[in-house]
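Below: query02.cif (mmCIF, C-alpha atoms)
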data_final
loop_
_atom_site.label_atom_id
_atom_site.label_comp_id
_atom_site.auth_asym_id
_atom_site.auth_seq_id
_atom_site.Cartn_x
_atom_site.Cartn_y
_atom_site.Cartn_z
CA MET A 1 19.75 43.02 -141.52
CA GLY A 2 22.52 45.48 -142.47
CA LYS A 3 22.19 49.18 -143.11
CA PRO A 4 20.53 50.35 -146.33
CA LYS A 5 23.02 51.11 -149.09
CA ILE A 6 22.60 54.56 -150.63
CA LEU A 7 24.37 55.61 -153.81
CA VAL A 8 25.33 59.23 -154.45
CA ILE A 9 25.62 59.52 -158.24
CA TYR A 10 26.66 62.70 -160.01
CA TYR A 11 27.70 64.20 -163.30
CA SER A 12 30.00 67.21 -163.02
CA THR A 13 31.72 69.09 -165.83
CA TYR A 14 33.64 71.66 -163.80
CA GLY A 15 33.54 70.18 -160.29
CA HIS A 16 30.68 72.12 -158.72
CA VAL A 17 28.29 69.17 -158.56
CA GLN A 18 31.06 66.86 -157.37
CA THR A 19 31.63 69.15 -154.38
CA ILE A 20 27.94 69.03 -153.51
CA ALA A 21 27.94 65.24 -153.99
CA GLN A 22 30.75 64.94 -151.45
CA ALA A 23 28.71 67.03 -149.01
CA GLU A 24 25.71 64.75 -149.57
CA MET A 25 27.97 61.80 -148.74
CA ARG A 26 29.06 63.41 -145.48
CA GLY A 27 25.45 63.98 -144.50
CA LEU A 28 24.52 60.38 -145.25
CA LEU A 29 27.44 58.92 -143.31
CA LYS A 30 27.06 61.35 -140.41
CA SER A 31 23.57 59.99 -139.79
CA GLY A 32 24.96 56.54 -138.99
CA LYS A 33 21.81 55.01 -140.43
CA VAL A 34 23.01 54.03 -143.91
CA ASP A 35 26.05 52.94 -145.86
CA ALA A 36 26.92 55.23 -148.77
CA GLU A 37 28.96 54.91 -151.95
CA LEU A 38 29.96 57.57 -154.47
CA TYR A 39 29.63 57.07 -158.25
CA GLN A 40 29.61 59.25 -161.36
CA PHE A 41 27.83 59.08 -164.69
CA ALA A 42 29.92 58.18 -167.70
CA GLU A 43 31.06 60.99 -169.98
CA THR A 44 29.59 61.02 -173.49
CA LEU A 45 31.52 63.98 -174.91
CA SER A 46 34.78 63.47 -176.74
CA GLY A 47 38.08 64.63 -175.36
CA ASP A 48 38.34 67.27 -178.08
CA VAL A 49 35.00 68.80 -177.12
CA LEU A 50 35.84 68.77 -173.41
CA GLU A 51 39.16 70.45 -174.14
CA LYS A 52 37.40 73.24 -176.06
CA MET A 53 35.05 73.62 -173.09
CA HIS A 54 38.11 73.99 -170.82
CA ALA A 55 36.73 71.19 -168.65
CA PRO A 56 39.19 69.83 -166.08
CA ALA A 57 40.17 66.17 -166.07
CA ARG A 58 37.64 63.80 -164.53
CA ASP A 59 38.28 62.32 -161.10
CA THR A 60 39.12 58.75 -162.08
CA SER A 61 39.08 57.63 -158.44
CA VAL A 62 35.27 57.76 -158.54
CA PRO A 63 33.85 54.70 -160.37
CA GLU A 64 31.18 55.00 -163.04
CA ILE A 65 27.67 53.82 -162.31
CA THR A 66 26.13 50.87 -164.17
CA PRO A 67 22.55 49.56 -164.22
CA GLU A 68 23.72 46.45 -162.36
CA ILE A 69 25.18 48.50 -159.51
CA LEU A 70 22.06 50.68 -159.44
CA ALA A 71 19.80 47.65 -158.94
CA GLU A 72 21.73 46.50 -155.87
CA ALA A 73 21.22 49.71 -153.88
CA ASP A 74 18.38 50.72 -151.57
CA GLY A 75 18.22 54.42 -152.47
CA PHE A 76 19.84 57.16 -154.51
CA LEU A 77 20.87 60.79 -154.35
CA VAL A 78 21.47 61.96 -157.92
CA GLY A 79 23.06 65.26 -158.94
CA PHE A 80 23.81 67.01 -162.21
CA PRO A 81 24.12 70.46 -163.78
CA THR A 82 21.21 71.90 -165.71
CA ARG A 83 21.04 72.05 -169.48
CA PHE A 84 18.31 74.58 -170.30
CA GLY A 85 16.30 73.49 -167.24
CA VAL A 86 16.64 69.73 -167.78
CA ALA A 87 19.18 66.99 -167.07
CA PRO A 88 22.29 66.78 -169.29
CA ALA A 89 22.65 64.16 -172.02
CA GLN A 90 25.08 62.11 -169.94
CA VAL A 91 22.44 61.47 -167.29
CA LYS A 92 19.68 60.84 -169.83
CA ALA A 93 21.89 58.37 -171.70
CA PHE A 94 22.41 56.36 -168.55
CA PHE A 95 18.72 56.18 -167.67
CA ASP A 96 17.97 55.25 -171.26
CA SER A 97 20.05 52.13 -170.57
CA THR A 98 17.97 51.05 -167.58
CA GLY A 99 15.15 49.44 -169.56
CA SER A 100 16.01 46.00 -168.20
CA LEU A 101 15.61 47.31 -164.64
CA TRP A 102 12.27 48.86 -165.56
CA SER A 103 10.97 45.61 -167.07
CA LYS A 104 11.78 43.75 -163.85
CA GLY A 105 10.57 46.47 -161.48
CA ALA A 106 14.04 46.43 -159.94
CA LEU A 107 13.82 50.03 -158.64
CA LEU A 108 10.20 49.96 -157.56
CA GLY A 109 9.63 51.61 -154.20
CA LYS A 110 13.19 52.80 -153.69
CA PRO A 111 13.75 56.45 -152.66
CA MET A 112 15.58 59.02 -154.76
CA GLY A 113 16.54 62.61 -154.06
CA LEU A 114 18.05 65.16 -156.45
CA PHE A 115 20.61 67.98 -156.33
CA PHE A 116 21.79 70.26 -159.09
CA SER A 117 23.87 73.15 -160.37
CA THR A 118 22.81 76.14 -162.43
CA ALA A 119 24.59 79.19 -163.82
CA SER A 120 22.19 81.70 -162.28
CA GLN A 121 19.61 82.02 -159.54
CA HIS A 122 16.80 81.60 -162.07
CA GLY A 123 18.55 79.09 -164.32
CA GLY A 124 16.71 75.97 -163.21
CA GLN A 125 17.06 75.46 -159.46
CA GLU A 126 13.55 73.98 -159.51
CA SER A 127 12.78 73.05 -163.12
CA THR A 128 15.88 70.86 -163.42
CA ALA A 129 14.52 68.53 -160.73
CA PHE A 130 10.89 68.87 -161.81
CA SER A 131 11.64 67.91 -165.41
CA PHE A 132 13.49 64.80 -164.24
CA LEU A 133 10.52 63.32 -162.37
CA PRO A 134 9.23 61.18 -165.29
CA HIS A 135 12.30 58.98 -164.88
CA LEU A 136 11.31 58.34 -161.27
CA VAL A 137 7.66 57.80 -162.08
CA HIS A 138 8.27 55.15 -164.74
CA HIS A 139 10.66 53.24 -162.49
CA GLY A 140 8.31 53.51 -159.51
CA LEU A 141 10.93 55.40 -157.50
CA ILE A 142 9.83 57.48 -154.51
CA TYR A 143 10.88 61.11 -154.85
CA VAL A 144 12.23 62.49 -151.57
CA SER A 145 12.21 66.28 -151.69
CA LEU A 146 14.38 68.44 -149.45
CA GLY A 147 11.82 70.90 -148.15
CA THR A 148 13.27 73.94 -146.38
CA PRO A 149 15.26 72.57 -143.43
CA SER A 150 17.91 75.32 -143.45
CA PRO A 151 17.50 79.02 -142.59
CA TYR A 152 19.90 79.77 -145.45
CA MET A 153 17.12 78.84 -147.86
CA PHE A 154 15.11 81.86 -146.73
CA GLU A 155 17.85 84.45 -147.20
CA THR A 156 17.22 87.27 -149.66
CA ASP A 157 20.39 89.31 -149.16
CA ALA A 158 22.62 86.73 -150.84
CA ILE A 159 22.35 84.21 -153.66
CA VAL A 160 22.14 80.69 -152.26
CA GLY A 161 21.70 77.56 -154.36
CA GLY A 162 19.20 74.89 -153.46
CA SER A 163 15.43 74.76 -153.25
CA PRO A 164 12.72 72.58 -151.73
CA TRP A 165 13.40 70.25 -154.68
CA GLY A 166 16.96 69.52 -153.49
CA GLY A 167 20.38 70.87 -152.69
CA GLY A 168 22.07 73.03 -155.27
CA VAL A 169 24.85 75.39 -156.23
CA ILE A 170 24.92 78.52 -158.37
CA ALA A 171 28.09 78.40 -160.45
CA GLY A 172 27.90 81.67 -162.39
CA SER A 173 27.72 82.04 -166.16
CA ASP A 174 31.46 81.36 -166.46
CA GLY A 175 31.62 78.73 -163.70
CA SER A 176 33.74 80.98 -161.49
CA LEU A 177 31.48 80.81 -158.42
CA LEU A 178 32.50 77.98 -156.12
CA PRO A 179 30.02 76.26 -153.79
CA THR A 180 29.56 78.37 -150.67
CA TYR A 181 29.58 77.05 -147.12
CA LYS A 182 25.82 77.63 -147.06
CA GLU A 183 25.21 75.48 -150.14
CA ILE A 184 27.50 72.79 -148.77
CA GLU A 185 25.69 72.78 -145.43
CA ILE A 186 22.31 72.48 -147.17
CA ALA A 187 23.63 69.47 -149.08
CA GLU A 188 24.85 67.85 -145.87
CA ILE A 189 21.42 68.37 -144.34
CA GLN A 190 19.82 66.76 -147.38
CA GLY A 191 22.07 63.72 -147.01
CA ASP A 192 21.21 63.41 -143.32
CA LYS A 193 17.45 63.78 -143.87
CA PHE A 194 17.49 61.39 -146.81
CA ALA A 195 19.27 58.76 -144.70
CA GLU A 196 16.54 59.02 -142.07
CA ILE A 197 13.76 58.43 -144.58
CA ALA A 198 15.62 55.73 -146.51
CA SER A 199 16.35 53.79 -143.34
CA LYS A 200 12.68 53.79 -142.40
CA LEU A 201 11.60 52.66 -145.85
CA ALA A 202 14.15 49.84 -145.80
CA ALA A 203 13.23 48.67 -142.28
CA PRO A 204 11.78 45.14 -142.16
CA GLU A 205 8.05 45.11 -141.73
CA LYS A 206 5.50 42.36 -141.18
CA ASP A 207 5.48 39.64 -143.79
CA LEU A 208 2.92 40.40 -146.47
CA SER A 209 3.60 37.27 -148.49
CA LYS A 210 0.23 35.77 -147.55
CA THR A 211 -1.56 38.89 -148.72
CA ALA A 212 0.37 38.82 -151.99
CA ALA A 213 -0.39 35.13 -152.43
CA THR A 214 -4.09 35.71 -151.90
CA THR A 215 -4.04 38.52 -154.42
CA SER A 216 -2.21 36.23 -156.82
CA GLU A 217 -4.88 33.55 -156.54
CA LYS A 218 -7.66 36.05 -157.16
CA SER A 219 -5.89 37.52 -160.17
CA ALA A 220 -5.54 34.02 -161.63
CA GLU A 221 -9.30 33.47 -161.75
CA THR A 222 -12.21 34.89 -163.71
CA VAL A 223 -15.85 34.59 -162.76
CA THR A 224 -18.27 33.72 -165.55
CA SER A 225 -22.01 33.11 -165.69
CA GLU A 226 -23.97 31.92 -168.71
CA LYS A 227 -27.46 33.05 -167.61
CA PRO A 228 -28.96 35.38 -165.00
CA GLY A 229 -29.46 33.55 -161.71
CA GLU A 230 -27.07 30.77 -162.64
CA VAL A 231 -24.28 29.91 -160.20
CA ALA A 232 -21.08 31.53 -161.42
CA SER A 233 -18.19 29.32 -162.40
CA VAL A 234 -14.58 30.16 -161.66
CA THR A 235 -12.15 29.64 -164.51
CA PRO A 236 -8.37 29.89 -164.00
CA THR A 237 -6.65 32.31 -166.37
CA SER A 238 -3.09 33.48 -166.77
CA ALA A 239 -2.07 35.24 -163.58
CA THR A 240 -0.98 38.84 -163.82
CA PRO A 241 2.45 39.67 -162.33
CA VAL A 242 2.05 39.74 -158.59
CA LYS A 243 5.55 40.40 -157.33
CA ALA A 244 5.27 44.14 -158.00
CA ARG A 245 1.83 44.24 -156.37
CA GLY A 246 3.18 42.59 -153.25
CA ARG A 247 6.05 45.08 -153.10
CA MET A 248 3.63 47.98 -153.42
CA LEU A 249 1.62 46.64 -150.47
CA GLN A 250 4.82 46.59 -148.44
CA ILE A 251 5.63 50.15 -149.48
CA VAL A 252 2.19 51.39 -148.43
CA ASP A 253 2.61 49.67 -145.08
CA LYS A 254 6.01 51.27 -144.55
CA PHE A 255 4.68 54.72 -145.40
CA LYS A 256 1.98 54.32 -142.76
CA ASN A 257 4.64 53.59 -140.14
CA LEU A 258 6.88 56.36 -141.51
CA PHE A 259 4.29 59.04 -140.78
CA LYS A 260 3.46 57.56 -137.38
CA SER A 261 7.02 58.03 -136.16
#

Starting from the coordinates I provided, produce the structure as C-alpha cells.
Amino acid sequence: MGKPKILVIYYSTYGHVQTIAQAEMRGLLKSGKVDAELYQFAETLSGDVLEKMHAPARDTSVPEITPEILAEADGFLVGFPTRFGVAPAQVKAFFDSTGSLWSKGALLGKPMGLFFSTASQHGGQESTAFSFLPHLVHHGLIYVSLGTPSPYMFETDAIVGGSPWGGGVIAGSDGSLLPTYKEIEIAEIQGDKFAEIASKLAAPEKDLSKTAATTSEKSAETVTSEKPGEVASVTPTSATPVKARGRMLQIVDKFKNLFKS
C-alpha cells in the first residue's frame, strides 16, 4: 500500500493564503509519511472586479480542484481568507458542487484540517474555521484541529496568526502585512502533525467485511409476530445501505488504534 495522498487546497486573493498553503505542503512532505499535491479553488469573480480590487494575477501553475480529484484523495488541508467570519463565495461554490460525492459517501471518514487569513487579530481566526464545520459534518469528514503545538501561539507581545482551529495569517486591513516566519512555522507544524494523523487513519486494519456483511443481513430482515407468544417470523425487506456503515466501523477501529499509539 502506498502513502496516503493529501491535497492542500486554497483560495487566495492577494497571496497570503497561498504562502501558508506552501508552508503546509512543506510540513506534509517533511514528515515523509504522505504524498501531497497543491490545488486552488476556481475564481468566481470577473476580471473587471479583480482589477478594481487590485488583486494580482493568479498563479496558473497551480491546478484548480474538481470534485473528481477531491474524491481520489485520502485527506485535505483547506485554506481561505475570511469573509465576515465565514468562508468566501469561491470556496462555498465549490462545495456546493460536491453533492454527487455526498450522495455516494465518497468523503466519509477522511480527515480535513483548515487554515485561514484575516485582516485583524479579531477578524475571524477562530470563527472562520468554526463556521465551515457543517461542510465537514455533512460529508462525514473528520476535522483535525491544530491545537497549540507552537510556543508562538502563546505570545502576547506580538500579533501572530493561527489558533487551535488551524494555521493562519493576519494580513492587515489593506493586505500589507506579509506572513511572518512565526505564522509560516506554525503552518509547517500543522502539515507535519496532519500527516501523522492522516497516515494512521489510512493504515490498513483488520478486515471488517464479515462484520459489515452480518450487519447487512440483519438490516435486510424484519421480525414480525401476529399474536403474543407466537413464534416470530423473519421477513426479508429492502436492505439499507451498508457500505457506509462498514466504513464507519473501520473508522472507529482505526481511532481506537490511533489513541493507543

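Excluding Leu77 of chain A and any residue on its chain fewer than 5 positions from it, the residues at most 6 Å away by all atoms listed in the file are Val8, Met112, Gly113 and Leu114 of chain A.
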
Could you tell me how far atom CA of Met25 of chain A sits from atom CA of Gly167 of chain A, in Å to one decimal place? 12.5 Å

If the PyMOL selection byres ((chain A and resi 196) around 12) were run on this exact file, what residues would it hold? Put them as number ranges by chain. A: 3-4, 6, 27-35, 75, 111, 144, 189-195, 197-203, 258, 261

For the atom pair atom CA of Arg26 of chain A and atom CA of Pro179 of chain A, what is the interatomic distance in Å to one decimal place? 15.3 Å

Mind giving me the straight-line distance from atom CA of Lys110 of chain A to atom CA of Ile142 of chain A in Å, one decimal?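 Between these atoms lies a distance of 5.8 Å.
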
Report as a VMD selection string the residues that result from applying the PyMOL selection byres ((chain A and resi 185) around 12) to the structure here. chain A and resid 19 to 27 149 to 153 160 to 162 167 to 169 179 to 184 186 to 192

Taking the point (15.1, 47.6, -165.9) as given in the file, collect each protein or nucleic acid residue that comes within 12 Å of it, counting all atoms listed in the file, and present the set as an NGL selection string. :A and (66-71 or 94-108 or 135 or 138-140)

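Between Ile9 of chain A and the residues A:Glu64, A:Glu126, A:Asp157, A:Glu72, the shortest atom-to-atom distance, using all atoms listed in the file, involves A:Glu64.
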
Would you mind listing what lies within 10 Å of Thr82 of chain A as an mmCIF file with C-alpha atoms, in the coordinates of the input, with all atoms listed in the file counted and same-chain residues fewer than 3 positions away left out?
data_model
loop_
_atom_site.group_PDB
_atom_site.id
_atom_site.type_symbol
_atom_site.label_atom_id
_atom_site.label_comp_id
_atom_site.auth_asym_id
_atom_site.auth_seq_id
_atom_site.Cartn_x
_atom_site.Cartn_y
_atom_site.Cartn_z
ATOM 1 C CA GLY A 79 23.060 65.260 -158.940
ATOM 2 C CA GLY A 85 16.300 73.490 -167.240
ATOM 3 C CA VAL A 86 16.640 69.730 -167.780
ATOM 4 C CA ALA A 87 19.180 66.990 -167.070
ATOM 5 C CA PRO A 88 22.290 66.780 -169.290
ATOM 6 C CA PHE A 116 21.790 70.260 -159.090
ATOM 7 C CA SER A 117 23.870 73.150 -160.370
ATOM 8 C CA THR A 118 22.810 76.140 -162.430
ATOM 9 C CA ALA A 119 24.590 79.190 -163.820
ATOM 10 C CA GLY A 123 18.550 79.090 -164.320
ATOM 11 C CA GLY A 124 16.710 75.970 -163.210
ATOM 12 C CA GLN A 125 17.060 75.460 -159.460
ATOM 13 C CA SER A 127 12.780 73.050 -163.120
ATOM 14 C CA THR A 128 15.880 70.860 -163.420
ATOM 15 C CA ALA A 129 14.520 68.530 -160.730
#

As a check of understanding, name the residues that the PyMOL selection byres ((chain A and resi 146) around 7) selects in the supplied structure, as a PyMOL selection string. chain A and resi 144-145+147-148+164-166+190

Coordinates of box centre and edge lengths for segment 52-56 of chain A, 6 Å on every side, axis-aligned, as JSON:
{"center_x": 37.1, "center_y": 71.9, "center_z": -171.1, "size_x": 16.1, "size_y": 16.2, "size_z": 22.0}

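Those DNA, RNA and protein residues that approach the point (37.2, 59.2, -156.1) to within 10 Å, considering only C-alpha atoms, are Gln18, Gln22, Leu38, Tyr39, Gln40, Arg58, Asp59, Thr60, Ser61, Val62 and Pro63 of chain A.
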